[in-house]
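Novice: The structure under discussion is supplied below as structure tokens; questions concerning it will follow.
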Amino acid sequence: MAKSIGNALIVGGGVAGMQAALDIAAQGFGVCIVERSPSIGGRMAMIDKTFPTLDCSACILTPKLSEVLRHPNITILTNSEVGSVSGKAGDYKVRILKKARYVDEEKCSGCGDCATECPVEVPSEFDQGLGFRKAIYVPFPQATPNVYTVDMDNCIMCNRCVKVCEREAIDLEMVDEIVEFDAGAIIVATGAQLFDVSAYPRLGYSLYDNVINAMEFERLVNAAGPTGGHLIRLSDGKVPMSIGFIQCVGARDVQKGVPYCSRICCMYSIKNAVMAMEHNPDAKVWVYYADIRAFGKGFEEFYEMAKARFGVRFLRGRVAEVMQGTHSGNLVVKVEDTETSEIRLIEHEMVIVSPGMIPPEGMSKLARKLGLPMTDDGYIKIEHSFFGPVATKDPGVFVCGMADGPKDIPDSVSAGSAAAMKATIILAKGEE
Amino acid sequence: MTTVEKKEVQAKKEWEPQIVAFCCNWCSYAGADLAGTSRIQYPPNARIIRVNCTGRISPEFILASLEMGADGVLVSGCHPGDCHYSSGNLKLRARLTIMKMAIEQAGINPDRIRLQWASASEAQIFADGVTTIVEQVRALGPLRREWK
Amino acid sequence: MTQTDDPRIGVFVCHCGHNIAGVVDVEAVAKMAESLPNVVFSCDEMFMCSDAGQQLIRDKIEEHNLNRVVVASCSPRMHEPTFRRVVEEAGVNRYLFDQVNLREHVSWCHTRQPEAATEKAKDLVKMSVARARVLEDLPIKTVKVLATTLVVGGGIAGLRAALDIGDRGFDVLLVEKESELGGHVAKWTHLFPADESGAEVIKPLIKDVKAHKRITTLTNSKVIEFDGYIGNFEVTVENLKTEKKQKFDIGTVIVATGFIPFRPYGYFAYGESPDIVTLAELQELAPSDQLLKPSDGTPVKKIAFIGCVGSREPGVKGHEHCSRHCCAATAKAAADLREKIEEVLILYQDIRTYGKGHEEFYRLARRRHVIFSKFPRDAKPVVTVKNSEVHMSWRDVLADRELTFQPDLLVLATAMIPPEDIAETAKMFSLTRSGDGFFNPEHIKLAPLTTHTAGVMIAGASQAAKNASESVIDASGAAAKAVGLMAKGEVEIESTVSHVLSELCSSCHTCITVCPYGAINMDETVDPPVAFVTEAKCRGCGTCASACPSSAIIMYHSTDNQIMTMVEAYLCSPAQLEGGEPQ
Amino acid sequence: MKEFALYAGCTTPVRLPAYEASVTKVLEKFGVKLIPMKDVNCCGAQYIESVSYNAFAAMSGRILALAESMGRDILAICGACSGSLKIVKHELDNNEKLRAEVNSLLEDEGLKYTGTVEVKHLLQVFREDIGYDAIKAAIVKPYNGVRLAAHYGCHVLRPPDIVHVDDPENPTIIDRIVEIAGGVAVDYTGKTRCCGGPMLGIDEEVAGKIGTDKIDNIRAANVDGIITACGFCDIQLTQVQFGNEAEGKERIPVLQLTQYLGVALGIDAEVLGISLNKISPAHILATQ
């Protein structure tokens, strides 16, 4: 491997950021990934299966995770945020706030003795609050780096973990650090977050136990999830025999400030509908949609398969309301079937609301630090659709993945590689 | 019923066709993968052996499989013209045509051997092919009987 | 080949969460494996591919001094490289690893037959262990990567890829079969989501490419021969006009051969009236202030679009896919035209304005009173031409009414389909194609730009229907892949090649006739001459090994013995294997 | 002291005098003075609007112009009225052609709409001009545990980017005031659905169905009463409980927010016109 001759900073360790890192590192440049959470992997690590070929997400992502971890040119800073950025293309000075994780990354072997000992159980963010984790934890089994983190908000300072750790890796006195880093190019790969669907009270999310969002569904059907992969209702543990998926929630809605299409919801819901039938072939599964946007490679074919082979029912209509009966916990979806002009009331035992995507928390703050303009929708503004689809106003800063707008996995990966290409052109200039 | 007859009845009841399946890495093995990811269900009787190209499959492999007790052999490769190695599948097809004639002369029903083309995207064709050979062989009964 | 010590095999059975363990009794499989000959360790584990799983393998190799590893998990097409690397890190040659596919080939396709699935899983593990016993280590070979990329296709993707690679400091050979660079985009009057014309976008790219000192452009040219292997390809390019042929040595390839717009004969009376055109043809109409009827040159007052022409047709080979760009392109064209045309109608199935700014066009079109009418999936609109007038009738799903319209111009938004010569291109570069007819990427999600032919990348619409902006992103991404290989300067290659045992060779030349790569020649220096393999040219198909009448050819990692021992392990009971009689 | 021109509309003074009275009394407690508008007309909501938009705009425009001539902002207490006035104001402010047309019609009376007037619905006054803290501080006779269902009314809340009252999908003003006064705000199915009132003049059967459905959903939530802040909704939700459909079912009293709050502020129930309510809310008042 050639010696590192220039460095790139990548903000965000999701699949786009990881791809960008790998492609830059492959050319011999140094890469530093700054990731806010305790592990890289991003949203993709949370999802169960991926469309359109139903590969399990962990299965295809895990090798990438270890590839990134093991690459000699890549440094991963988790639990970290960009503090400040100065300089210009080819020569940025970046200050990174590395938050104390209270566990020495060099010493921790990820054995988990500490978590077994920890008496504090809190809802797991990774499991969307459906499962539990300890106050010292790794977010998910394949977490990378496989290093534990103390959640100080919930730590009761009992010191049991400190005592049990044979490697003496835990230090509850640890303080935040500032890491300085010189970068020739910067790639913003911060991803996006789910729209909070409780903004639509008429759809019953957060009001009724059996109305969940799509990411919660992902965790429910995931073998490593809180139910061990059993698709059951959270209210009573019953296996739902009738399931409804509601589309375009927090997407294509001018009123809610999300006028754009979130691009992935149609497909992930078709995939989720297929997975629901896979878990329970006798279930009746409905998808309520406005337009089915199966536009990517193999997507339309997958949509057809969901209809023809799995028998998923698709009803065109925006759901007016989700109501709950008093006793059974069952839900009634009120919707106009616009293809027959009928108002229908369809009973479900579980309803999954499919949220659109919105820019991640702190996006505007990061954009300010980097001096980047944003779109009206709150994403990083790209320079030009054709001349610079991964470029920004700053010639040394590039963008990929969902940071400039919703994208599915293949498009995020392509954009990650593209951003890497552009970054290395800058880095190579420094080399000359 | 004699004990032997009983045994035969018993054997018949429990008998399930044993199929050796040779698949090329590029088309059919990938097609079988896609059948899995697409959750297409097919009979569990076949055991896939991955080879780089169907052109790698020597007639001896098939004869030896039958000799060792396979009830049927499935060979699945890329469509003519789509071979990752240009033409290995065509060479296999030529060999197989002759070999089928030979085994028929030896008293073995050539329907025990199935050659199919299934591309990486043709999961259903792959799965249907497995179903077909299993049913074909099931109708013929265990190969050992034909030897008698 | 080095002789390896007595096999000490470790078997690792993966639960893959619920994916395998939910159907297959993985514990029973692991337990069974323990009893197999030469297996000194066997276990089952939640996720073998996780860091913990990988560490387990490394630990057990050390602890039990394993020299063969079998992992029973998912498809080797995904994870073989992962596990090969893991065993290698623990000092075991990568070719002494074997993977069993319990997920794609067992649990996922026999979900409702757990017992039979478990039996199958056991058989497959037995077979793999048997194979592992006879695996041999092979040397790890690296080859140099020449610092030149061949870019095939001078459309927007090819131009972008060429520029990026050139800007990064590597040489590019750009081959375009037309006389001009620019592809389809150059011809288009409307591009979305920006407001430029195609020419405005393409011209600067062409200018930069032509001026670039690292880019050699060959127009009117076609790659006619392609040979060699990753890092060291030999290509022959023919000038279609002069028929002059030139040979080039290159390191990496980007195939950006694009698409062609489907010409929908047989659909909606296309071809029966000059006033029925495709969206591509509309884009190429001579620019003028007023859109004129092609038939008589009068201004178009009523225009209609029909979407999904030749796209989204289940069961119609090559037309099942969504063509991705048409909805937004149609919405944009309709919104623009509505400024000057009284009635603009769009017939659609679903409006797929998914991308950045697309939904805005759709809303803009609606705001400008473009009429959108949804037709049923199973009853497409009927178009007839009577007295040179275009008549349309269809059922509007949302109003539940039969409607008719007589547009002055009917525009068919047709599918993106592969160019006619794609089969030839696929064959040349050993690429596979998916159901949509376009090239298959190495992995549809995580490796969308690389292919199964090492060193050959795909970009733009050669991979699938996509719009210009997406093609540009792909192009830069594919360029990164090519540069990654070239910057490193060398790459590891597979050692799975064939080898002639000269003492067994009967000089019959059969192998030479079957080898598709000309990798086998006769060594005339000995008498009688014997065959020998040029390893760099051998791609490991093994056709020669099965063709050799003298069994003189060994296909490394896929020897007769390595294959037959698997059959044996499946069909023969342990007693038989020990020499007993069949029961 | 804040002052508003009170636009009571045409239905409220005739059919719900108690509402107007209670609004005046309660706002007085908080130092908000209401000056009744003289010689006002109907706002033209829905019925005129559906026949002639310009006539509707002129009707609401005249009310706006009258308030401008009084130099006061408008307080509207009916959902339909506040909705019409706000929408027409929005149109007149953004559509010069319409504004010129309306002003030419108003010219005969010497009126002119200039755009200076603001329109508020009662709920806005509670939230913006008085504030929850002031309301809390003024409570002298809190309720104890009475379960109440809030009904906001469509035109009070929609369209949100024009009326600016509350989140139409998750409105909270009434609920908060209910709780401040010691009641329990109860959510129920279809909380933000229409009462059916505006349909009355078009299709009584449909209006009845919508209203009955609303009452059934409220009843399922097991409440003691319904609180509204719209005259039209009040009338509709009350009358659907007297039809044939409702026979044999226990009636749920409908109270105006100002009546409910007024009692907690120590205002005499009689002054608030509670005895005029068609369904007696006695058991609600008994919880104090």
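Ligands are numbered from 1 in the order shown, chains are lettered A, B, ... in the order of the structure tokens, and residues start at 1 in each chain.
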Counting only C-alpha atoms, what are the residues of chain A within 12 Å of chain B, and for each of them which pair of atoms is the nearest and at what distance in Å, to one decimal? Sort the table by chain and rising number, as a Markdown table.

Specialist:
| residue | atom | partner | partner_atom | distance |
| --- | --- | --- | --- | --- |
| A:Lys49 | CA | B:Thr37 | CA | 9.7 |
| A:Thr50 | CA | B:Thr37 | CA | 10.0 |
| A:Phe51 | CA | B:Thr37 | CA | 10.0 |
| A:Pro52 | CA | B:Ser38 | CA | 8.9 |
| A:Thr53 | CA | B:Thr37 | CA | 5.8 |
| A:Leu54 | CA | B:Thr37 | CA | 5.3 |
| A:Asp55 | CA | B:Thr37 | CA | 6.0 |
| A:Cys56 | CA | B:Thr37 | CA | 8.7 |
| A:Ser57 | CA | B:Thr37 | CA | 11.8 |
| A:Cys59 | CA | B:Thr37 | CA | 11.9 |
| A:Lys271 | CA | B:Ser38 | CA | 10.6 |
| A:Val274 | CA | B:Ser38 | CA | 9.6 |
| A:Met275 | CA | B:Arg39 | CA | 9.9 |
| A:Met277 | CA | B:Arg39 | CA | 10.8 |
| A:Glu278 | CA | B:Arg39 | CA | 8.1 |
| A:His279 | CA | B:Arg39 | CA | 11.3 |
| A:Pro281 | CA | B:Arg39 | CA | 11.7 |
| A:Lys297 | CA | B:Ser121 | CA | 11.9 |
| A:Gly298 | CA | B:Ser121 | CA | 9.6 |
| A:Glu301 | CA | B:Ser121 | CA | 10.7 |
| A:Phe302 | CA | B:Ser38 | CA | 8.9 |
| A:Tyr303 | CA | B:Ser38 | CA | 11.9 |
| A:Met305 | CA | B:Ser38 | CA | 8.8 |
| A:Ala306 | CA | B:Ser38 | CA | 9.8 |
| A:Arg309 | CA | B:Ile40 | CA | 8.9 |
| A:Phe310 | CA | B:Arg39 | CA | 9.7 |

Novice: May I have the residues from that selection written out with C-alpha atoms, as a PDB file, in the first residue's frame?

Specialist:
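And here's selection33.pdb as it stands now:
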ATOM      1  CA  LYS A  49     -33.820  -6.904   4.466  1.00  0.00           C
ATOM      2  CA  THR A  50     -33.021  -4.768   1.460  1.00  0.00           C
ATOM      3  CA  PHE A  51     -34.931  -4.299  -1.767  1.00  0.00           C
ATOM      4  CA  PRO A  52     -35.092  -5.426  -4.526  1.00  0.00           C
ATOM      5  CA  THR A  53     -33.396  -8.759  -3.869  1.00  0.00           C
ATOM      6  CA  LEU A  54     -34.230  -9.260  -0.193  1.00  0.00           C
ATOM      7  CA  ASP A  55     -30.643  -9.754   0.889  1.00  0.00           C
ATOM      8  CA  CYS A  56     -30.460  -9.274   4.591  1.00  0.00           C
ATOM      9  CA  SER A  57     -28.945  -5.954   5.315  1.00  0.00           C
ATOM     10  CA  CYS A  59     -25.328  -9.872   5.709  1.00  0.00           C
ATOM     11  CA  LYS A 271     -40.241  -5.177   0.753  1.00  0.00           C
ATOM     12  CA  VAL A 274     -43.292  -9.178   1.332  1.00  0.00           C
ATOM     13  CA  MET A 275     -41.453  -9.816   4.583  1.00  0.00           C
ATOM     14  CA  MET A 277     -46.109 -12.403   4.206  1.00  0.00           C
ATOM     15  CA  GLU A 278     -42.863 -14.279   4.480  1.00  0.00           C
ATOM     16  CA  HIS A 279     -43.282 -14.311   8.259  1.00  0.00           C
ATOM     17  CA  PRO A 281     -48.069 -16.501   4.629  1.00  0.00           C
ATOM     18  CA  LYS A 297     -33.010  -1.523 -11.387  1.00  0.00           C
ATOM     19  CA  GLY A 298     -35.119  -4.553 -10.599  1.00  0.00           C
ATOM     20  CA  GLU A 301     -39.995  -6.551 -11.253  1.00  0.00           C
ATOM     21  CA  PHE A 302     -39.976  -6.760  -7.464  1.00  0.00           C
ATOM     22  CA  TYR A 303     -43.272  -4.872  -7.255  1.00  0.00           C
ATOM     23  CA  MET A 305     -43.503 -10.209  -7.710  1.00  0.00           C
ATOM     24  CA  ALA A 306     -45.005  -8.815  -4.513  1.00  0.00           C
ATOM     25  CA  ARG A 309     -46.346 -14.255  -6.100  1.00  0.00           C
ATOM     26  CA  PHE A 310     -46.860 -13.021  -2.588  1.00  0.00           C
TER      27      PHE A 310
END

Novice: Please provide as a PyMOL selection string all residues within 10 Å of B:Gly31, with the sequence filter that same-chain residues fewer than 6 positions apart are discarded (counting only C-alpha atoms).

Specialist: (chain B and resi 23-25+37+76-78+118-127) or (chain C and resi 104)

Novice: Determine, using only C-alpha atoms, which residues of chain B have any atom at most 7 Å from an atom of chain C, and tabulate each with its shortest atom pair and distance in Å to one decimal place, rows ordered by chain and then rising number, as CSV.

Specialist:
residue,atom,partner,partner_atom,distance
B:Ala32,CA,C:His105,CA,6.6
B:Asp33,CA,C:Glu104,CA,4.9
B:Ala35,CA,C:Cys109,CA,6.9
B:Gly36,CA,C:Glu104,CA,4.1
B:Thr37,CA,C:Glu104,CA,6.0
B:Arg39,CA,C:Cys109,CA,5.4
B:Ile40,CA,C:Cys109,CA,5.6
B:Gln41,CA,C:Cys109,CA,4.5
B:Tyr42,CA,C:Cys109,CA,6.3
B:Pro44,CA,C:His110,CA,6.4
B:Arg47,CA,C:Leu124,CA,6.8
B:Asn52,CA,C:Cys541,CA,5.5
B:Cys53,CA,C:Cys541,CA,5.2
B:Gly55,CA,C:Thr543,CA,4.5
B:Arg56,CA,C:Thr543,CA,4.5
B:Ile57,CA,C:Ser546,CA,6.1
B:Ser58,CA,C:Ser546,CA,4.6
B:Phe61,CA,C:Met564,CA,6.6
B:Ser65,CA,C:Val567,CA,6.3
B:Met68,CA,C:Leu571,CA,6.1
B:Gly69,CA,C:Leu571,CA,6.0
B:Ala70,CA,C:Leu571,CA,6.6
B:Asp82,CA,C:Thr432,CA,6.8
B:His84,CA,C:Ser430,CA,5.2
B:Tyr85,CA,C:Cys541,CA,6.4
B:Ser86,CA,C:Pro516,CA,6.5
B:Ser87,CA,C:Pro516,CA,7.0
B:Gly88,CA,C:Thr543,CA,6.1
B:Ser121,CA,C:Ser434,CA,5.5

Novice: When you look at C:Gly169 with a cut-off of 10 Å (counting only C-alpha atoms), what residues show up, excluding the ones that are within fewer than 6 positions of it in the same chain? I need them as a PyMOL selection string.

Specialist: (chain A and resi 425+428-429+432) or (chain C and resi 147-148+163+213-214+483+487)

Novice: If you run DSSP on the backbone here, which positions in stretch 171-307 of chain C get alpha helix (DSSP H)? Please write them as a ChimeraX atom specification.

Specialist: /C:198-211,279-284

Novice: Take the residues from that selection and write them out as a compact mmCIF listing (two decimals), in the first residue's frame, keeping N, CA, C and O atoms.

Specialist:
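Writing done, so here's result.txt:
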# COMPACT_ATOMS: atom_id res chain seq x y z
N GLY C 198 -29.75 19.90 -23.80
CA GLY C 198 -28.72 18.88 -23.78
C GLY C 198 -27.40 19.40 -24.31
O GLY C 198 -26.33 19.11 -23.76
N ALA C 199 -27.49 20.21 -25.35
CA ALA C 199 -26.26 20.72 -25.97
C ALA C 199 -25.47 21.57 -24.99
O ALA C 199 -24.24 21.49 -24.92
N GLU C 200 -26.19 22.37 -24.21
CA GLU C 200 -25.49 23.23 -23.25
C GLU C 200 -24.73 22.41 -22.21
O GLU C 200 -23.73 22.86 -21.67
N VAL C 201 -25.28 21.24 -21.91
CA VAL C 201 -24.63 20.39 -20.91
C VAL C 201 -23.45 19.65 -21.52
O VAL C 201 -22.40 19.50 -20.92
N ILE C 202 -23.67 19.16 -22.72
CA ILE C 202 -22.69 18.27 -23.34
C ILE C 202 -21.50 19.02 -23.93
O ILE C 202 -20.36 18.58 -23.83
N LYS C 203 -21.77 20.18 -24.52
CA LYS C 203 -20.69 20.89 -25.22
C LYS C 203 -19.44 21.14 -24.37
O LYS C 203 -18.33 20.84 -24.79
N PRO C 204 -19.64 21.69 -23.16
CA PRO C 204 -18.43 21.93 -22.34
C PRO C 204 -17.68 20.63 -22.02
O PRO C 204 -16.45 20.63 -21.97
N LEU C 205 -18.45 19.55 -21.83
CA LEU C 205 -17.79 18.27 -21.53
C LEU C 205 -16.95 17.82 -22.71
O LEU C 205 -15.80 17.40 -22.56
N ILE C 206 -17.54 17.92 -23.89
CA ILE C 206 -16.80 17.50 -25.10
C ILE C 206 -15.55 18.35 -25.28
O ILE C 206 -14.47 17.84 -25.57
N LYS C 207 -15.73 19.65 -25.04
CA LYS C 207 -14.60 20.56 -25.21
C LYS C 207 -13.46 20.16 -24.26
O LYS C 207 -12.29 20.06 -24.66
N ASP C 208 -13.82 19.93 -23.00
CA ASP C 208 -12.81 19.54 -22.02
C ASP C 208 -12.14 18.22 -22.39
O ASP C 208 -10.93 18.06 -22.23
N VAL C 209 -12.96 17.28 -22.84
CA VAL C 209 -12.40 15.97 -23.20
C VAL C 209 -11.40 16.12 -24.36
O VAL C 209 -10.30 15.59 -24.33
N LYS C 210 -11.83 16.89 -25.35
CA LYS C 210 -10.96 17.05 -26.52
C LYS C 210 -9.65 17.75 -26.17
O LYS C 210 -8.61 17.47 -26.75
N ALA C 211 -9.76 18.68 -25.20
CA ALA C 211 -8.56 19.45 -24.85
C ALA C 211 -7.66 18.72 -23.86
O ALA C 211 -6.52 19.12 -23.63
N LEU C 279 -41.02 10.33 -27.12
CA LEU C 279 -40.53 11.46 -26.33
C LEU C 279 -39.14 11.87 -26.83
O LEU C 279 -38.83 13.05 -26.92
N ALA C 280 -38.35 10.88 -27.20
CA ALA C 280 -37.02 11.17 -27.72
C ALA C 280 -37.12 11.95 -29.02
O ALA C 280 -36.38 12.91 -29.24
N GLU C 281 -38.06 11.55 -29.87
CA GLU C 281 -38.24 12.27 -31.14
C GLU C 281 -38.75 13.70 -30.90
O GLU C 281 -38.37 14.62 -31.60
N LEU C 282 -39.61 13.85 -29.92
CA LEU C 282 -40.09 15.20 -29.57
C LEU C 282 -38.91 16.08 -29.18
O LEU C 282 -38.80 17.23 -29.60
N GLN C 283 -38.02 15.48 -28.37
CA GLN C 283 -36.84 16.22 -27.91
C GLN C 283 -35.96 16.65 -29.07
O GLN C 283 -35.26 17.65 -28.99
N GLU C 284 -36.01 15.84 -30.13
CA GLU C 284 -35.11 16.12 -31.25
C GLU C 284 -35.76 16.95 -32.34
O GLU C 284 -35.13 17.28 -33.34

Novice: If you count only C-alpha atoms, which residues fall within 12 Å of D:Gly208, apart from same-chain ones fewer than 5 positions away, as a list in words?

Specialist: Cys194, Cys195, Gly196, Gly197, Pro198, Met199, Leu200, Gly201, Ile202, Asp203, Asp213, Lys214, Ile215, Asp216, Gln236, Leu237, Thr238, Gln239, Val240, Gln241, Phe242, Gly243, Asn244, Glu245 and Ala246 of chain D

Novice: Would you mind reading off the distance between atom CA of C:Ala186 and atom CA of C:Gly155, one decimal, in Å?

Specialist: 8.3 Å

Novice: Write down as a ChimeraX atom specification the residues belonging to stretch 17-245 of chain C that are assigned strand (DSSP E) by DSSP computed on the backbone.

Specialist: /C:39-45,68-73,97-101,141-144,148-152,171-175,215-218,221-229,232-239,245

Novice: Hey, which of D:Ile130, D:Ala65, D:Val119, D:Ile162 ends up closest to chain A? Count only C-alpha atoms.

Specialist: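 Answer, going by the shortest atom-to-atom distance: D:Ile162.
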
Novice: For chain C against chain A, which residues fall within 6 Å using only C-alpha atoms, given as a list in words?

Specialist: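 On the chain C side, the interface is Gly17, His18, Ser50, Arg168, His321, Cys322, Arg324, Asp350, Ile351, Arg352, Tyr354, Glu359, Val397, Leu398, Lys445, Ala464, Ser469, Ile473, Asp474, Ser476, Gly477, Ala480, Gly484, Ala487 and Lys488 of chain C.
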
Novice: Name all residues at most 7 Å from stretch 82-88 of chain D (count only C-alpha atoms; drop same-chain ones fewer than 2 positions away) and give them as an MDAnalysis selection string.

Specialist: chainID D and resid 43 45 57 60:61 76:80 90:92 119:121 155:156 162:163

Novice: Given a cut-off of 9 Å, which residues of chain D touch chain A, counting only C-alpha atoms, written out as a list in words?

Specialist: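 Residues satisfying the distance criterion: Pro160, Asp161, Glu169, Asn170, Thr189, Gly190, Lys191, Thr192, Ala220 and Ala221 of chain D.
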
Novice: Could you list, as a list in words, every residue within 7 Å of stretch 171-181 of chain D, counting only C-alpha atoms and ignoring same-chain residues fewer than 6 positions away?

Specialist: Leu123, Lys136, Ile139, Pro142, Tyr143, Ala150, Leu261 and Ala264 of chain D

Novice: Which residue out of B:Ile49, B:Ala64, B:Leu115, B:Val20 has the minimum interatomic distance to B:Leu90 when only C-alpha atoms are used?

Specialist: B:Leu115

Novice: Hey, can you check how far atom CA of A:Asp209 sits from atom CA of A:Ser235?

Specialist: 5.5 Å

Novice: With distances taken over only C-alpha atoms, which of C:Glu503, C:Ser311, C:Leu285, C:Leu410 is nearest to C:Ala334?

Specialist: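 Under the stated criterion, the closest residue is C:Leu410.
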
Novice: Got a sec: who's within 12 Å of stretch 152-154 of chain A, counting only C-alpha atoms, leaving out chain neighbours fewer than 3 positions off, as a ChimeraX atom specification?

Specialist: /A:99-103,118-124,133-137,149,157-158,171-175

Novice: Restricting the calculation to only C-alpha atoms, which member of B:Met101, B:Ala46, B:Val130, B:Leu140 is positioned closest to B:Arg114?

Specialist: B:Val130

Novice: To one decimal place in Å, what is the distance between atom CA of C:Leu135 and atom CA of C:Phe12?

Specialist: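 If I compute the distance from atom CA of C:Leu135 to atom CA of C:Phe12, I get 17.3 Å.
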